[in-house]
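Working notes, beginning with the structure itself.
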Amino acid sequence: AGRLRHALAAVQVALSVTLLVGALLFLMTLRHLRSTDLGFDPAGVTVVTLNVRGYGYTDARAIEYQKRVADEVRRQPGIQAVGLAFSPPLFGGGLTDGMYLPDQDPSQATNVERNGVSPDYFEAVRLPIVRGRVFTEAETSGNAETNRRPVVVTEALARRLFGSDEAIGRVLLTQAGPGKPVALYVVGIARDSHFRGIERPPDALLYEPLATFPMVQNAYLVVRSTLGSREAFQRVAEAARRFDPTIPLARETTFAARIDRQLGQQRLFAWMLGLLGTIGFVLAAVGLHGLIGQTVVERRREFGIRLAIGAAPTGIVTLVLRRAALVLSVGLAAGLALAWSSGRLVESQLNGITSRDPMPYGVAALLMIAAVSLASISPAVAATRVDPIEVLRGE
């Protein structure tokens, strides 16, 4: 029975350590993702859908409607910047098309992700232009049918397409349909940013004028303001109704809300494993406290005799704690080994760290050592208070 109790206590320690390591791994992942530099400033931005598809709009009318709404919102107090985008950051992705250099054959085209944006989009999301400039309204107005369009590329795409050569002024060709290819000339290079998701590396992306984008009727209004998201949405809704009350607006959202949604799975895992680990942690400490207390009761006669023949109280404490140390050592070794081997199961959910990072293992071990030490001190001290005379009288 004694061995079984010790084995069960060791199992409790092992499982608690495993769960604590898992919880710490996910907490470290969350901390890393929260501190990730997105490449743009998500604070204070409200995003509203301006989708006119299915409402009888031509592309030209859609562009005009979107611009009028954006201009009206921009004039409202508390509004700092307004931009339009086919897909804002963290909202999914753009379109992918094959592109090639003028001295290449079309069969050598490489897939490039494209996003249609208005010139003031970069100011609205505070996405820096590291070299060159943003395309202007004058370059895009009435330019939808031409075969030459200005574009901005990210640093990652510039490296991928042009290597160490200067990208400003370079031309990319894409086959947008039958006939001559469309020439896209690079006027600026934007800072790399996390476009598709916070967990993904910065994306290689091409920004082109929304007015020339194939799906101009699907657009988002990106509003940077000092207002709350609900009030900013009301300003957009009032402006949109003024120009066309038949167009429904989707509920507003923010970049902060998108980030929270993308981190939901890691947060859930951290919360669940942390809760289970804490419960196991407490149960293991309480169990060991009871186990050591039971050991003291069972060895009360032995301790009394030892004290009677002159044993030092510290020696008695050492005897008691040695049993706790044995259970702790076995449980820790098993728990750390189990956490190490099962770490591969959650590797794909981690970001910025690996399941082999030593910190969570060390922290979990130290927490368990501290808990077991505190749980064992009280019964160990009680063992030194056994009255030798009372024990001998009982004999």
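The way I read the labels, and the way they are meant: chains A, B, ... in the order of the structure tokens, residue 1 as the first residue of every chain, and ligand 1 as the first ligand shown, with later ones counted on from there.
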
In segment 143-243 of chain A, DSSP strand (DSSP E) residues written as a ChimeraX atom specification: /A:148-154,171-174,182-190,205-209,218-225

Under the rule of at most 12 Å, produce a per-residue listing of segment 143-243 of chain A near segment 116-127 of chain A: chain, number, name, the closest pair of atoms, and the distance in Å, as a tab-separated table, using only C-alpha atoms.
```
residue	atom	partner	partner_atom	distance
A:Arg149	CA	A:Gly116	CA	11.8
A:Pro150	CA	A:Pro119	CA	10.8
A:Val151	CA	A:Gly116	CA	9.5
A:Val152	CA	A:Val117	CA	10.1
A:Val153	CA	A:Gly116	CA	11.8
A:Thr154	CA	A:Leu127	CA	10.3
A:Gly188	CA	A:Phe122	CA	11.5
A:Ile189	CA	A:Leu127	CA	10.5
A:Ala190	CA	A:Leu127	CA	7.0
A:Arg191	CA	A:Leu127	CA	6.7
A:Asp192	CA	A:Leu127	CA	8.7
A:Ser193	CA	A:Leu127	CA	8.0
A:His194	CA	A:Leu127	CA	10.9
A:Phe195	CA	A:Leu127	CA	11.1
A:Leu205	CA	A:Gly116	CA	10.6
A:Leu206	CA	A:Gly116	CA	8.5
A:Tyr207	CA	A:Gly116	CA	5.8
A:Glu208	CA	A:Gly116	CA	5.0
A:Pro209	CA	A:Val117	CA	5.3
A:Leu210	CA	A:Gly116	CA	4.1
A:Ala211	CA	A:Gly116	CA	7.7
A:Thr212	CA	A:Gly116	CA	7.7
A:Phe213	CA	A:Gly116	CA	5.5
A:Pro214	CA	A:Gly116	CA	8.5
A:Met215	CA	A:Gly116	CA	8.4
A:Val216	CA	A:Gly116	CA	7.7
A:Gln217	CA	A:Gly116	CA	11.0
A:Asn218	CA	A:Gly116	CA	10.1
A:Ala219	CA	A:Gly116	CA	8.7
A:Tyr220	CA	A:Val117	CA	9.3
A:Leu221	CA	A:Tyr121	CA	9.0
A:Val222	CA	A:Ala124	CA	6.5
A:Val223	CA	A:Ala124	CA	6.4
A:Arg224	CA	A:Ala124	CA	5.6
A:Ser225	CA	A:Ala124	CA	9.1
```

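With only C-alpha atoms as the atoms that count, the residue of A:Ala375, A:Gly78, A:Trp340, A:Leu4 with the shortest distance to Leu283 of chain A is A:Ala375.
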
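Each of A:Glu166, A:Glu347, A:Glu238, A:Asp105 was checked against Val187 of chain A using only C-alpha atoms; the smallest atom-to-atom distance is that of A:Glu166.
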
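Using only C-alpha atoms, the smallest distance between any of A:Val363, A:Leu101, A:Ile316, A:Leu288 and Leu24 of chain A comes from A:Val363.
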
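Near Leu249 of chain A, within 12 Å and counting only C-alpha atoms, sit Val47, Val48, Thr49, Leu50, Asn51, Val52, Asn218, Ala219, Tyr220, Leu221, Phe233, Gln234, Arg235, Val236, Ala237, Glu238, Ala239, Ala240, Arg241, Asp244, Pro245, Thr246, Glu252 and Thr253 of chain A; same-chain residues fewer than 3 positions away were not included.
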
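Excluding segment 34-37 of chain A itself and any same-chain residue fewer than 5 positions from it, the protein and nucleic acid residues within 12 Å of it, counting only C-alpha atoms, are Leu27, Met28, Thr29, Pro42, Leu127, Arg191, Asp192, Ser193, His194, Phe195, Gly197, Ile198, Glu199, Arg200, Pro201, Pro202, Ala256, Ile259, Asp260, Gln262, Leu263, Gln266, Arg267, Asn351 and Gly352 of chain A.
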
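Note that atom CA of Gly293 of chain A and atom CA of Val372 of chain A are 12.8 Å apart.
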
Residue neighbourhood Met99 of chain A, 10 Å, only C-alpha atoms, exclusion window fewer than 6 positions, as a VMD selection string: chain A and resid 106 to 113 161 172 to 176 181 to 184

Selected residue, from A:Ile79, A:Leu227, A:Ala204, A:Ile168, that lies nearest to Thr96 of chain A when counting only C-alpha atoms: A:Ala204

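Within segment 154-190 of chain A, the backbone-based DSSP assignment of helix (DSSP H, G or I) covers Glu155, Ala156, Leu157, Ala158, Arg159, Arg160, Leu161 and Phe162 of chain A.
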
For the selection you just gave me, I'd like the residues written to a file as a compact mmCIF listing (two decimals), in the first residue's frame, keeping C-alpha atoms.
```txt
# COMPACT_ATOMS: atom_id res chain seq x y z
CA GLU A 155 10.74 44.51 -49.51
CA ALA A 156 10.32 40.72 -49.57
CA LEU A 157 8.87 40.76 -53.09
CA ALA A 158 11.59 43.13 -54.32
CA ARG A 159 14.26 40.74 -53.04
CA ARG A 160 12.48 37.77 -54.55
CA LEU A 161 12.03 39.29 -58.01
CA PHE A 162 15.07 41.54 -58.39
```

Applying 12 Å and only C-alpha atoms, which residues near Ser378 of chain A remain after dropping the ones on its own chain fewer than 4 positions away? List them as a PDB file with N, CA and C atoms, in the first residue's frame.
```pdb
ATOM      1  N   VAL A 286      -0.802  18.684  -2.336  1.00  0.00           N
ATOM      2  CA  VAL A 286      -1.640  18.199  -1.232  1.00  0.00           C
ATOM      3  C   VAL A 286      -1.414  16.712  -1.011  1.00  0.00           C
ATOM      4  N   LEU A 288       1.267  14.926  -1.688  1.00  0.00           N
ATOM      5  CA  LEU A 288       2.564  14.678  -1.058  1.00  0.00           C
ATOM      6  C   LEU A 288       2.565  15.101   0.404  1.00  0.00           C
ATOM      7  N   HIS A 289       1.848  16.191   0.702  1.00  0.00           N
ATOM      8  CA  HIS A 289       1.724  16.603   2.100  1.00  0.00           C
ATOM      9  C   HIS A 289       1.079  15.486   2.924  1.00  0.00           C
ATOM     10  N   GLY A 290      -0.003  14.919   2.382  1.00  0.00           N
ATOM     11  CA  GLY A 290      -0.667  13.827   3.087  1.00  0.00           C
ATOM     12  C   GLY A 290       0.194  12.583   3.162  1.00  0.00           C
ATOM     13  N   LEU A 291       0.922  12.300   2.066  1.00  0.00           N
ATOM     14  CA  LEU A 291       1.779  11.114   2.041  1.00  0.00           C
ATOM     15  C   LEU A 291       2.892  11.218   3.073  1.00  0.00           C
ATOM     16  N   ILE A 292       3.537  12.367   3.139  1.00  0.00           N
ATOM     17  CA  ILE A 292       4.617  12.552   4.112  1.00  0.00           C
ATOM     18  C   ILE A 292       4.057  12.538   5.534  1.00  0.00           C
ATOM     19  N   GLY A 293       2.877  13.140   5.708  1.00  0.00           N
ATOM     20  CA  GLY A 293       2.243  13.107   7.027  1.00  0.00           C
ATOM     21  C   GLY A 293       1.941  11.684   7.456  1.00  0.00           C
ATOM     22  N   VAL A 296       5.119   9.989   8.544  1.00  0.00           N
ATOM     23  CA  VAL A 296       5.527  10.400   9.892  1.00  0.00           C
ATOM     24  C   VAL A 296       4.733   9.633  10.945  1.00  0.00           C
ATOM     25  N   VAL A 317      14.496  15.370  10.148  1.00  0.00           N
ATOM     26  CA  VAL A 317      13.934  16.116   9.008  1.00  0.00           C
ATOM     27  C   VAL A 317      14.490  15.582   7.692  1.00  0.00           C
ATOM     28  N   VAL A 320      12.798  12.362   6.653  1.00  0.00           N
ATOM     29  CA  VAL A 320      11.443  12.576   6.119  1.00  0.00           C
ATOM     30  C   VAL A 320      11.506  13.169   4.711  1.00  0.00           C
ATOM     31  N   LEU A 321      12.350  14.184   4.546  1.00  0.00           N
ATOM     32  CA  LEU A 321      12.425  14.850   3.246  1.00  0.00           C
ATOM     33  C   LEU A 321      13.043  13.957   2.175  1.00  0.00           C
ATOM     34  N   VAL A 372       6.518  21.105  -3.645  1.00  0.00           N
ATOM     35  CA  VAL A 372       6.754  19.884  -2.860  1.00  0.00           C
ATOM     36  C   VAL A 372       7.540  20.215  -1.588  1.00  0.00           C
ATOM     37  N   SER A 373       8.488  21.125  -1.686  1.00  0.00           N
ATOM     38  CA  SER A 373       9.264  21.511  -0.501  1.00  0.00           C
ATOM     39  C   SER A 373       8.365  22.131   0.559  1.00  0.00           C
ATOM     40  N   LEU A 374       7.493  23.044   0.139  1.00  0.00           N
ATOM     41  CA  LEU A 374       6.574  23.671   1.087  1.00  0.00           C
ATOM     42  C   LEU A 374       5.609  22.656   1.680  1.00  0.00           C
ATOM     43  N   ALA A 382       7.029  18.234  12.121  1.00  0.00           N
ATOM     44  CA  ALA A 382       6.201  17.510  13.100  1.00  0.00           C
ATOM     45  C   ALA A 382       6.904  16.251  13.584  1.00  0.00           C
ATOM     46  N   ALA A 383       7.713  15.642  12.703  1.00  0.00           N
ATOM     47  CA  ALA A 383       8.425  14.419  13.092  1.00  0.00           C
ATOM     48  C   ALA A 383       9.444  14.688  14.189  1.00  0.00           C
ATOM     49  N   THR A 384       9.990  15.904  14.250  1.00  0.00           N
ATOM     50  CA  THR A 384      10.990  16.227  15.276  1.00  0.00           C
ATOM     51  C   THR A 384      10.346  16.520  16.625  1.00  0.00           C
ATOM     52  N   ARG A 385       9.017  16.647  16.634  1.00  0.00           N
ATOM     53  CA  ARG A 385       8.319  16.976  17.876  1.00  0.00           C
ATOM     54  C   ARG A 385       7.723  15.750  18.556  1.00  0.00           C
TER      55      ARG A 385
END
```
